[in-house]
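Let me begin by presenting the structure, written as structure tokens, before commenting on it.
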Amino acid sequence: MPEQLLFAMEVTLNGLMAGVLYALVALGFVLIYKASGIFNYAQGVMALFAALTLVGIMEGQVPFAHLINAIFGTEIHHFGWHVPALLAIFLTMVVMVALAWAVQHFIFRHLVNQEPILLFMATIGLAFMLEGIGDIMWGAEIKKLDVGLPQGINDWIDVTTLEALGYGFFIDNLDISAAIVAVVLVAALIAFSQYTKQGRALRAVADDHQAALSVGISLNFIWILVWSIAGFVALVAGIMWGAKSGVQFSLSLIALKALPVLMLGGFTSIPGAIVGGLIIGVGEKLFEFGIGPLVGGATENWFAYVLALLFLVFRPQGLFGEKIIERV
Amino acid sequence: MFYREAGDFSTTYPQDSQTFPIKFDRYRYYVVLAVAFGIIPFIINDYWANAVMVPFLIYAIAAIGLNILTGYCGQVSLGTGAFMAVGAYSCYKLMTAFPEISMLIHIPLAGLVTAAVVTLFGLPSLRIKGFYLAVATLAAQFFLVWLFNKVPWFYNYSASGQISAPERSVFGIIITGPNTEAWAKYLICLVFVTICAIIARNLTRGSVGRRWMAIRDMDIAAEIIGVNPMSAKLTAFMVSGFFVGISGALFFAVYLGAAEVGESFGIDKSFLVLFMIIIGGLGSIFGSFAGAAFMVLLPVFLKNVLVGGLGWPTDLAAHLQLVIVGGLIVAFLIVEPHGLAQLWRLAKEKLRLWPFPH
């Protein structure tokens, strides 16, 4: 096979892997949007916050150490213990549930029945707050996150493709585990929403708030639940991205990567988020590979948006979104 | 006691339809103008000009521009930063290509160029609505920033990739470059702010503005009563782009002096201006000013209190500022979704009845 074609295949495979990660973030958006009509801009910052908390707990950092030191003139930084990864993930999940409760109790409970655009802006405010709180709690420096996921090139794929095609594909072990985790996560979410009582209640709320309320479903509980699930998805995304590129501010920008995925797939569709993620992942990698060098590179920043924009002009509700019906 | 219309009779139609129909309001407006033009330029110093007044005035223009698009016409835009960059770069190209022509022509021209670009990016709004549109404007944000970074023609092939404003003067007074006096910077911004605010105020209370508001409130209903959605939306994008372009040109040429597109006109600028109009009040010209003042003063205030007063490290103060700004936005949305402008309106209502509220 010609060299170029093999290259393109490798790029496509890597794009698929990246697309899975995008889909992971987009999933959190879709869940909240379906259940409460809130377009949660803070999803990316939630991933950052979750990853920061996870690292902080694992390393035994003292929360708010910088603030306490600044006010009281003390010099405390660490408790001096290390928490095993699984326990730390569990504790972080507890923090994310508490966050979900706080978000619902202090912010969105008061904003019920407001216009969607106001809710969206409230989540931008929430994103700022979370970012600041995360930095104050755990410090703003770049942190390494290692929960024991395999890293580096996958030798088996490299050797197999080298023998079969004469060219070894470079695929990161981390990407493969991310893909597996994403598949498991989606399967778990689907199982949860199909086979449990809370899951069915959640779908009922997504379908029609008032009807759900009238059959005795507590909206407040469902919203806390859905923010917790979104927190869990954010935690998974935070672990994956954090292990890949370190836990730092740029982690929160993955939210911006997930937005075109949502536009492409439709805001209300879980399969849409996944398919959209894969299309964007492959599309931007291939575009950068094929056209990028001609126009100076770094096209990954905008390609996804322009693709989604062009797509929307022809199909305004996205690939799998509900058909927009307007009435006066 | 204040804001009484009692004894304030309109005898002609122009009197009846003037911008400030209440006498007290009108005089207050003249006093503000007189202070802004007649007193502040003489007492302003470098710190106040660079830290407070000039950014306030420039952001006020940007906020008016975005408010026309988002507050009056209901089209949410997250591309303001990049649109300001269009103004800045077109102003730079004009300044360097035609050095003999006055800045007073270049800056509005930069606004016109921006208006054209923004209208182009506004075209999808005819098909896409709501969140989808907000996200679509992000395409403009990322694409334009990338474009200005990658195409050397825009920054005149300079080695650093930056643009820096050459020295230009208006009526013999230097207004750009490192040798500019504080009052000159202030005054040139003030002139543009005043003109823009008057234009915006009159557009929004005229038939164009009513068309925008009809589209904002419900576009299908507006279409049925005879508002052309295409022309209404595109004029909103155009006018908004004109103002944002002017503010971008001033931001680069007068305030910054030198700019790098990713740093000066990134997505955080888009959000900053959006916050200004939320906190100030959507659909209000006064709100644009109030929001701009608030968002410019808040960091200065916090920095002075936390770093200067309490002696905290600057990075901690910066993080705390994020929390406070975010918290304030959420609090505003909960307590008063219509922003500072609504508080002002309520205060006026109270003052009208004061001291006998019953």
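Residues are named by chain letter and number: chains run A, B, ... in the order of the structure tokens, numbers start at 1 in each chain, and ligands are numbered from 1 in the order shown.
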Show me a table, sorted first by chain and then by increasing residue number, of the residues of chain B having an atom at most 7 Å from chain A, each with its shortest atom pair and the distance in Å to one decimal, counting only C-alpha atoms and written as a Markdown table.
```
| residue | atom | partner | partner_atom | distance |
| --- | --- | --- | --- | --- |
| B:Pro124 | CA | A:Val313 | CA | 6.4 |
| B:Arg127 | CA | A:Val313 | CA | 6.0 |
| B:Ile128 | CA | A:Pro316 | CA | 5.6 |
| B:Tyr132 | CA | A:Met263 | CA | 6.3 |
| B:Val135 | CA | A:Leu259 | CA | 6.7 |
| B:Ala136 | CA | A:Leu309 | CA | 5.7 |
| B:Ala139 | CA | A:Tyr305 | CA | 4.7 |
| B:Phe142 | CA | A:Trp302 | CA | 5.2 |
| B:Phe143 | CA | A:Trp302 | CA | 5.2 |
| B:Lys150 | CA | A:Gly296 | CA | 6.3 |
| B:Ile220 | CA | A:Val328 | CA | 6.6 |
| B:Ala221 | CA | A:Val328 | CA | 6.2 |
| B:Trp312 | CA | A:Ala70 | CA | 6.0 |
| B:Leu316 | CA | A:Ile136 | CA | 6.7 |
| B:His319 | CA | A:Gly132 | CA | 4.7 |
| B:Leu320 | CA | A:Gly132 | CA | 6.0 |
| B:Leu322 | CA | A:Gly132 | CA | 5.1 |
| B:Val323 | CA | A:Met129 | CA | 4.1 |
| B:Gly326 | CA | A:Gly125 | CA | 4.0 |
| B:Gly327 | CA | A:Met129 | CA | 6.1 |
| B:Ile329 | CA | A:Gly125 | CA | 5.5 |
| B:Val330 | CA | A:Ala122 | CA | 5.2 |
| B:Leu333 | CA | A:Ala122 | CA | 6.8 |
| B:Ile334 | CA | A:Leu111 | CA | 6.2 |
```
Convert the current residue selection to file output with N, CA, C and O atoms, as an mmCIF file, in the first residue's frame.
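The resulting file, again09.cif, is shown below:
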```cif
data_model
loop_
_atom_site.group_PDB
_atom_site.id
_atom_site.type_symbol
_atom_site.label_atom_id
_atom_site.label_comp_id
_atom_site.auth_asym_id
_atom_site.auth_seq_id
_atom_site.Cartn_x
_atom_site.Cartn_y
_atom_site.Cartn_z
ATOM 1 N N PRO B 124 -25.512 32.867 8.856
ATOM 2 C CA PRO B 124 -26.130 31.616 9.336
ATOM 3 C C PRO B 124 -27.301 31.856 10.287
ATOM 4 O O PRO B 124 -28.124 30.965 10.467
ATOM 5 N N ARG B 127 -30.727 30.759 9.414
ATOM 6 C CA ARG B 127 -31.123 29.355 9.475
ATOM 7 C C ARG B 127 -31.058 28.814 10.904
ATOM 8 O O ARG B 127 -31.870 27.977 11.287
ATOM 9 N N ILE B 128 -30.068 29.274 11.654
ATOM 10 C CA ILE B 128 -29.790 28.677 12.957
ATOM 11 C C ILE B 128 -30.263 29.624 14.052
ATOM 12 O O ILE B 128 -30.149 30.831 13.923
ATOM 13 N N TYR B 132 -27.560 27.082 19.104
ATOM 14 C CA TYR B 132 -26.809 26.667 17.930
ATOM 15 C C TYR B 132 -26.110 27.880 17.326
ATOM 16 O O TYR B 132 -24.969 27.789 16.901
ATOM 17 N N VAL B 135 -23.115 29.010 19.484
ATOM 18 C CA VAL B 135 -21.938 28.188 19.251
ATOM 19 C C VAL B 135 -21.370 28.467 17.865
ATOM 20 O O VAL B 135 -20.153 28.465 17.667
ATOM 21 N N ALA B 136 -22.264 28.757 16.906
ATOM 22 C CA ALA B 136 -21.780 29.040 15.556
ATOM 23 C C ALA B 136 -20.914 30.297 15.529
ATOM 24 O O ALA B 136 -19.945 30.366 14.773
ATOM 25 N N ALA B 139 -17.331 29.822 15.917
ATOM 26 C CA ALA B 139 -16.561 29.508 14.715
ATOM 27 C C ALA B 139 -15.840 30.756 14.237
ATOM 28 O O ALA B 139 -14.651 30.715 13.899
ATOM 29 N N PHE B 142 -12.784 31.557 16.607
ATOM 30 C CA PHE B 142 -11.566 30.767 16.449
ATOM 31 C C PHE B 142 -10.966 30.940 15.064
ATOM 32 O O PHE B 142 -9.756 31.034 14.907
ATOM 33 N N PHE B 143 -11.842 31.005 14.045
ATOM 34 C CA PHE B 143 -11.323 31.113 12.688
ATOM 35 C C PHE B 143 -10.594 32.439 12.488
ATOM 36 O O PHE B 143 -9.483 32.476 11.966
ATOM 37 N N LYS B 150 -2.014 33.565 11.120
ATOM 38 C CA LYS B 150 -1.333 32.769 10.109
ATOM 39 C C LYS B 150 -1.028 33.541 8.834
ATOM 40 O O LYS B 150 -0.171 33.121 8.073
ATOM 41 N N ILE B 220 -41.131 34.442 14.763
ATOM 42 C CA ILE B 220 -42.197 34.046 13.832
ATOM 43 C C ILE B 220 -43.337 35.066 13.865
ATOM 44 O O ILE B 220 -43.837 35.498 12.817
ATOM 45 N N ALA B 221 -43.696 35.460 15.094
ATOM 46 C CA ALA B 221 -44.751 36.460 15.221
ATOM 47 C C ALA B 221 -44.348 37.751 14.527
ATOM 48 O O ALA B 221 -45.162 38.396 13.851
ATOM 49 N N TRP B 312 -2.272 40.214 50.109
ATOM 50 C CA TRP B 312 -2.301 38.841 49.605
ATOM 51 C C TRP B 312 -1.448 38.720 48.353
ATOM 52 O O TRP B 312 -1.234 39.719 47.660
ATOM 53 N N LEU B 316 -3.374 34.673 44.070
ATOM 54 C CA LEU B 316 -4.550 34.354 44.874
ATOM 55 C C LEU B 316 -5.656 35.374 44.617
ATOM 56 O O LEU B 316 -6.830 35.018 44.460
ATOM 57 N N HIS B 319 -7.358 34.635 41.383
ATOM 58 C CA HIS B 319 -8.311 33.525 41.455
ATOM 59 C C HIS B 319 -9.578 33.931 42.187
ATOM 60 O O HIS B 319 -10.683 33.586 41.786
ATOM 61 N N LEU B 320 -9.384 34.685 43.268
ATOM 62 C CA LEU B 320 -10.544 35.128 44.028
ATOM 63 C C LEU B 320 -11.416 36.033 43.165
ATOM 64 O O LEU B 320 -12.647 36.010 43.251
ATOM 65 N N LEU B 322 -11.872 35.722 39.994
ATOM 66 C CA LEU B 322 -12.692 34.845 39.161
ATOM 67 C C LEU B 322 -13.940 34.405 39.913
ATOM 68 O O LEU B 322 -15.052 34.446 39.394
ATOM 69 N N VAL B 323 -13.727 33.995 41.169
ATOM 70 C CA VAL B 323 -14.862 33.515 41.965
ATOM 71 C C VAL B 323 -15.876 34.629 42.139
ATOM 72 O O VAL B 323 -17.089 34.432 41.993
ATOM 73 N N GLY B 326 -17.678 35.463 38.811
ATOM 74 C CA GLY B 326 -18.641 34.398 38.522
ATOM 75 C C GLY B 326 -19.825 34.458 39.462
ATOM 76 O O GLY B 326 -20.981 34.368 39.037
ATOM 77 N N GLY B 327 -19.530 34.637 40.754
ATOM 78 C CA GLY B 327 -20.599 34.692 41.749
ATOM 79 C C GLY B 327 -21.529 35.859 41.511
ATOM 80 O O GLY B 327 -22.753 35.730 41.612
ATOM 81 N N ILE B 329 -22.162 37.329 38.677
ATOM 82 C CA ILE B 329 -23.002 37.094 37.502
ATOM 83 C C ILE B 329 -24.191 36.224 37.881
ATOM 84 O O ILE B 329 -25.342 36.539 37.565
ATOM 85 N N VAL B 330 -23.893 35.144 38.608
ATOM 86 C CA VAL B 330 -24.981 34.255 39.022
ATOM 87 C C VAL B 330 -25.960 35.011 39.920
ATOM 88 O O VAL B 330 -27.187 34.925 39.740
ATOM 89 N N LEU B 333 -28.136 37.291 37.949
ATOM 90 C CA LEU B 333 -29.151 36.587 37.180
ATOM 91 C C LEU B 333 -30.289 36.129 38.075
ATOM 92 O O LEU B 333 -31.448 36.107 37.663
ATOM 93 N N ILE B 334 -29.965 35.777 39.321
ATOM 94 C CA ILE B 334 -31.016 35.315 40.226
ATOM 95 C C ILE B 334 -31.831 36.499 40.746
ATOM 96 O O ILE B 334 -33.059 36.493 40.706
#
```
Item to check | Residue contacts of B:Ile68 (12 Å, only C-alpha atoms) excluding same-chain residues fewer than 5 positions away, as a count of residues only | outcome: 46
Report as a tab-separated table the residues of stretch 25-113 of chain A within 12 Å of stretch 177-191 of chain A, each with its shortest atom pair and distance in Å (one decimal), using only C-alpha atoms, ordered by chain and increasing residue number.
```
residue	atom	partner	partner_atom	distance
A:Val25	CA	A:Ala182	CA	10.1
A:Ala26	CA	A:Ala182	CA	11.5
A:Leu27	CA	A:Val186	CA	8.6
A:Gly28	CA	A:Val186	CA	10.9
A:Leu31	CA	A:Leu189	CA	9.8
```
Next on the checklist: Need the shell around A:His78: protein/DNA/RNA residues with any atom at most 6 Å away, counting only C-alpha atoms. Skip same-chain ones fewer than 3 positions apart. Format as an NGL selection string?
Outcome noted: :A and (60-62)
Next on the checklist: Please identify the helix (DSSP H, G or I) residues within stretch 113-209 of chain A (assignment by DSSP from backbone atoms) and present them as a ChimeraX atom specification.
Outcome noted: /A:116-138,155-165,173-195,197-207,209
Item to check | Residues near stretch 151-164 of chain B, cut-off 8 Å, only C-alpha atoms, skip fewer than 4 positions along chain, as a ChimeraX atom specification | outcome: /B:89,92-93,147,253,257-261
How about saving the chosen residues, all heavy atoms kept, as a PDB file, in the first residue's frame?
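The result, written out as result36.pdb:
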```
ATOM      1  N   TYR B  89      -7.241  45.123  13.351  1.00  0.00           N
ATOM      2  CA  TYR B  89      -6.344  44.837  12.233  1.00  0.00           C
ATOM      3  C   TYR B  89      -6.671  45.706  11.029  1.00  0.00           C
ATOM      4  O   TYR B  89      -5.756  46.144  10.318  1.00  0.00           O
ATOM      5  CB  TYR B  89      -6.391  43.345  11.874  1.00  0.00           C
ATOM      6  CG  TYR B  89      -5.448  42.535  12.721  1.00  0.00           C
ATOM      7  CD1 TYR B  89      -5.763  42.232  14.039  1.00  0.00           C
ATOM      8  CD2 TYR B  89      -4.219  42.109  12.241  1.00  0.00           C
ATOM      9  CE1 TYR B  89      -4.894  41.518  14.838  1.00  0.00           C
ATOM     10  CE2 TYR B  89      -3.340  41.396  13.033  1.00  0.00           C
ATOM     11  CZ  TYR B  89      -3.682  41.099  14.327  1.00  0.00           C
ATOM     12  OH  TYR B  89      -2.811  40.410  15.112  1.00  0.00           O
ATOM     13  N   TYR B  92      -5.195  48.984  11.712  1.00  0.00           N
ATOM     14  CA  TYR B  92      -3.738  48.936  11.566  1.00  0.00           C
ATOM     15  C   TYR B  92      -3.342  48.988  10.096  1.00  0.00           C
ATOM     16  O   TYR B  92      -2.447  49.755   9.702  1.00  0.00           O
ATOM     17  CB  TYR B  92      -3.225  47.663  12.219  1.00  0.00           C
ATOM     18  CG  TYR B  92      -1.764  47.387  11.990  1.00  0.00           C
ATOM     19  CD1 TYR B  92      -0.797  48.202  12.584  1.00  0.00           C
ATOM     20  CD2 TYR B  92      -1.339  46.330  11.202  1.00  0.00           C
ATOM     21  CE1 TYR B  92       0.549  47.954  12.386  1.00  0.00           C
ATOM     22  CE2 TYR B  92      -0.004  46.071  10.997  1.00  0.00           C
ATOM     23  CZ  TYR B  92       0.939  46.887  11.593  1.00  0.00           C
ATOM     24  OH  TYR B  92       2.272  46.643  11.383  1.00  0.00           O
ATOM     25  N   LYS B  93      -4.047  48.180   9.268  1.00  0.00           N
ATOM     26  CA  LYS B  93      -3.710  48.178   7.849  1.00  0.00           C
ATOM     27  C   LYS B  93      -3.952  49.561   7.233  1.00  0.00           C
ATOM     28  O   LYS B  93      -3.150  50.039   6.433  1.00  0.00           O
ATOM     29  CB  LYS B  93      -4.562  47.136   7.104  1.00  0.00           C
ATOM     30  CG  LYS B  93      -4.202  45.694   7.365  1.00  0.00           C
ATOM     31  CD  LYS B  93      -2.763  45.381   7.061  1.00  0.00           C
ATOM     32  CE  LYS B  93      -2.480  45.281   5.555  1.00  0.00           C
ATOM     33  NZ  LYS B  93      -1.080  44.836   5.335  1.00  0.00           N
ATOM     34  N   LEU B 147      -6.772  33.151  11.565  1.00  0.00           N
ATOM     35  CA  LEU B 147      -6.453  33.831  10.312  1.00  0.00           C
ATOM     36  C   LEU B 147      -5.444  34.960  10.541  1.00  0.00           C
ATOM     37  O   LEU B 147      -4.452  35.085   9.822  1.00  0.00           O
ATOM     38  CB  LEU B 147      -7.741  34.381   9.702  1.00  0.00           C
ATOM     39  CG  LEU B 147      -7.654  34.911   8.279  1.00  0.00           C
ATOM     40  CD1 LEU B 147      -7.479  33.769   7.307  1.00  0.00           C
ATOM     41  CD2 LEU B 147      -8.907  35.692   7.931  1.00  0.00           C
ATOM     42  N   ALA B 253      -5.331  50.802  18.876  1.00  0.00           N
ATOM     43  CA  ALA B 253      -4.524  51.965  18.498  1.00  0.00           C
ATOM     44  C   ALA B 253      -4.290  52.888  19.684  1.00  0.00           C
ATOM     45  O   ALA B 253      -3.176  53.379  19.893  1.00  0.00           O
ATOM     46  CB  ALA B 253      -5.211  52.724  17.359  1.00  0.00           C
ATOM     47  N   GLY B 257      -1.680  50.020  22.029  1.00  0.00           N
ATOM     48  CA  GLY B 257      -0.488  50.448  21.308  1.00  0.00           C
ATOM     49  C   GLY B 257       0.132  49.306  20.520  1.00  0.00           C
ATOM     50  O   GLY B 257       0.541  49.476  19.385  1.00  0.00           O
ATOM     51  N   ALA B 258       0.201  48.118  21.124  1.00  0.00           N
ATOM     52  CA  ALA B 258       0.697  46.952  20.410  1.00  0.00           C
ATOM     53  C   ALA B 258      -0.156  45.775  20.831  1.00  0.00           C
ATOM     54  O   ALA B 258      -0.544  45.680  21.987  1.00  0.00           O
ATOM     55  CB  ALA B 258       2.160  46.679  20.742  1.00  0.00           C
ATOM     56  N   ALA B 259      -0.453  44.898  19.873  1.00  0.00           N
ATOM     57  CA  ALA B 259      -1.368  43.818  20.210  1.00  0.00           C
ATOM     58  C   ALA B 259      -0.966  42.539  19.506  1.00  0.00           C
ATOM     59  O   ALA B 259      -0.410  42.553  18.403  1.00  0.00           O
ATOM     60  CB  ALA B 259      -2.800  44.191  19.815  1.00  0.00           C
ATOM     61  N   GLU B 260      -1.251  41.433  20.176  1.00  0.00           N
ATOM     62  CA  GLU B 260      -1.066  40.104  19.593  1.00  0.00           C
ATOM     63  C   GLU B 260      -2.438  39.468  19.651  1.00  0.00           C
ATOM     64  O   GLU B 260      -3.085  39.483  20.693  1.00  0.00           O
ATOM     65  CB  GLU B 260      -0.033  39.328  20.396  1.00  0.00           C
ATOM     66  CG  GLU B 260       0.582  38.144  19.690  1.00  0.00           C
ATOM     67  CD  GLU B 260      -0.267  36.894  19.811  1.00  0.00           C
ATOM     68  OE1 GLU B 260      -0.858  36.679  20.878  1.00  0.00           O
ATOM     69  OE2 GLU B 260      -0.355  36.157  18.828  1.00  0.00           O
ATOM     70  N   VAL B 261      -2.893  38.926  18.514  1.00  0.00           N
ATOM     71  CA  VAL B 261      -4.329  38.666  18.388  1.00  0.00           C
ATOM     72  C   VAL B 261      -4.855  37.643  19.395  1.00  0.00           C
ATOM     73  O   VAL B 261      -5.892  37.841  20.023  1.00  0.00           O
ATOM     74  CB  VAL B 261      -4.688  38.273  16.940  1.00  0.00           C
ATOM     75  CG1 VAL B 261      -3.965  37.025  16.509  1.00  0.00           C
ATOM     76  CG2 VAL B 261      -6.180  38.096  16.786  1.00  0.00           C
TER      77      VAL B 261
END
```
Next on the checklist: Going by DSSP on the backbone, which residues of stretch 101-312 of chain B come out as strand (DSSP E)? List them as a list in words.
Outcome noted: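 Of stretch 101-312 of chain B, only Ile163, Ser164, Ser169, Val170, Ile173, Ile174, Ala258 and Ala259 of chain B fall in strand (DSSP E).
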Written file, previous selection with N, CA and C atoms, as a short mmCIF file (atom, residue, chain, number, x, y, z; two decimals), in the first residue's frame:
```cif
data_model
loop_
_atom_site.label_atom_id
_atom_site.label_comp_id
_atom_site.auth_asym_id
_atom_site.auth_seq_id
_atom_site.Cartn_x
_atom_site.Cartn_y
_atom_site.Cartn_z
N ILE B 163 1.06 43.51 15.99
CA ILE B 163 0.85 44.78 15.32
C ILE B 163 1.09 45.87 16.34
N SER B 164 1.77 46.95 15.91
CA SER B 164 1.95 48.05 16.86
C SER B 164 1.60 49.36 16.17
N SER B 169 -1.59 61.74 14.61
CA SER B 169 -2.17 62.84 15.37
C SER B 169 -3.43 63.34 14.69
N VAL B 170 -4.28 63.95 15.50
CA VAL B 170 -5.51 64.57 15.01
C VAL B 170 -5.45 66.04 15.41
N ILE B 173 -2.65 66.97 17.66
CA ILE B 173 -2.52 66.33 18.96
C ILE B 173 -2.24 64.85 18.72
N ILE B 174 -1.16 64.35 19.33
CA ILE B 174 -0.82 62.94 19.14
C ILE B 174 -1.84 62.08 19.87
N ALA B 258 0.20 48.12 21.12
CA ALA B 258 0.70 46.95 20.41
C ALA B 258 -0.16 45.78 20.83
N ALA B 259 -0.45 44.90 19.87
CA ALA B 259 -1.37 43.82 20.21
C ALA B 259 -0.97 42.54 19.51
#
```
Checklist entry - atom CA of A:Trp227 and atom CA of A:Asp207, how far apart in Å? => result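 Atom CA of A:Trp227 lies at a distance of 17.2 Å from atom CA of A:Asp207.
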Checklist entry - Which residues come within 9 Å of A:Ile157, counting only C-alpha atoms, excluding same-chain residues fewer than 2 positions away, as a PyMOL selection string? => result chain A and resi 153-155+159-162+168-171
Checklist entry - Skipping near chain neighbours, those fewer than 5 positions away, what residues fall within 12 Å of A:Pro2 using only C-alpha atoms, listed as JSON, numbers by chain? => result {"A": [7, 8, 9, 165, 166, 167]}
Checklist entry - So how many Å separate atom CA of B:Lys348 and atom CA of B:Tyr3, to one decimal? => result 6.9 Å
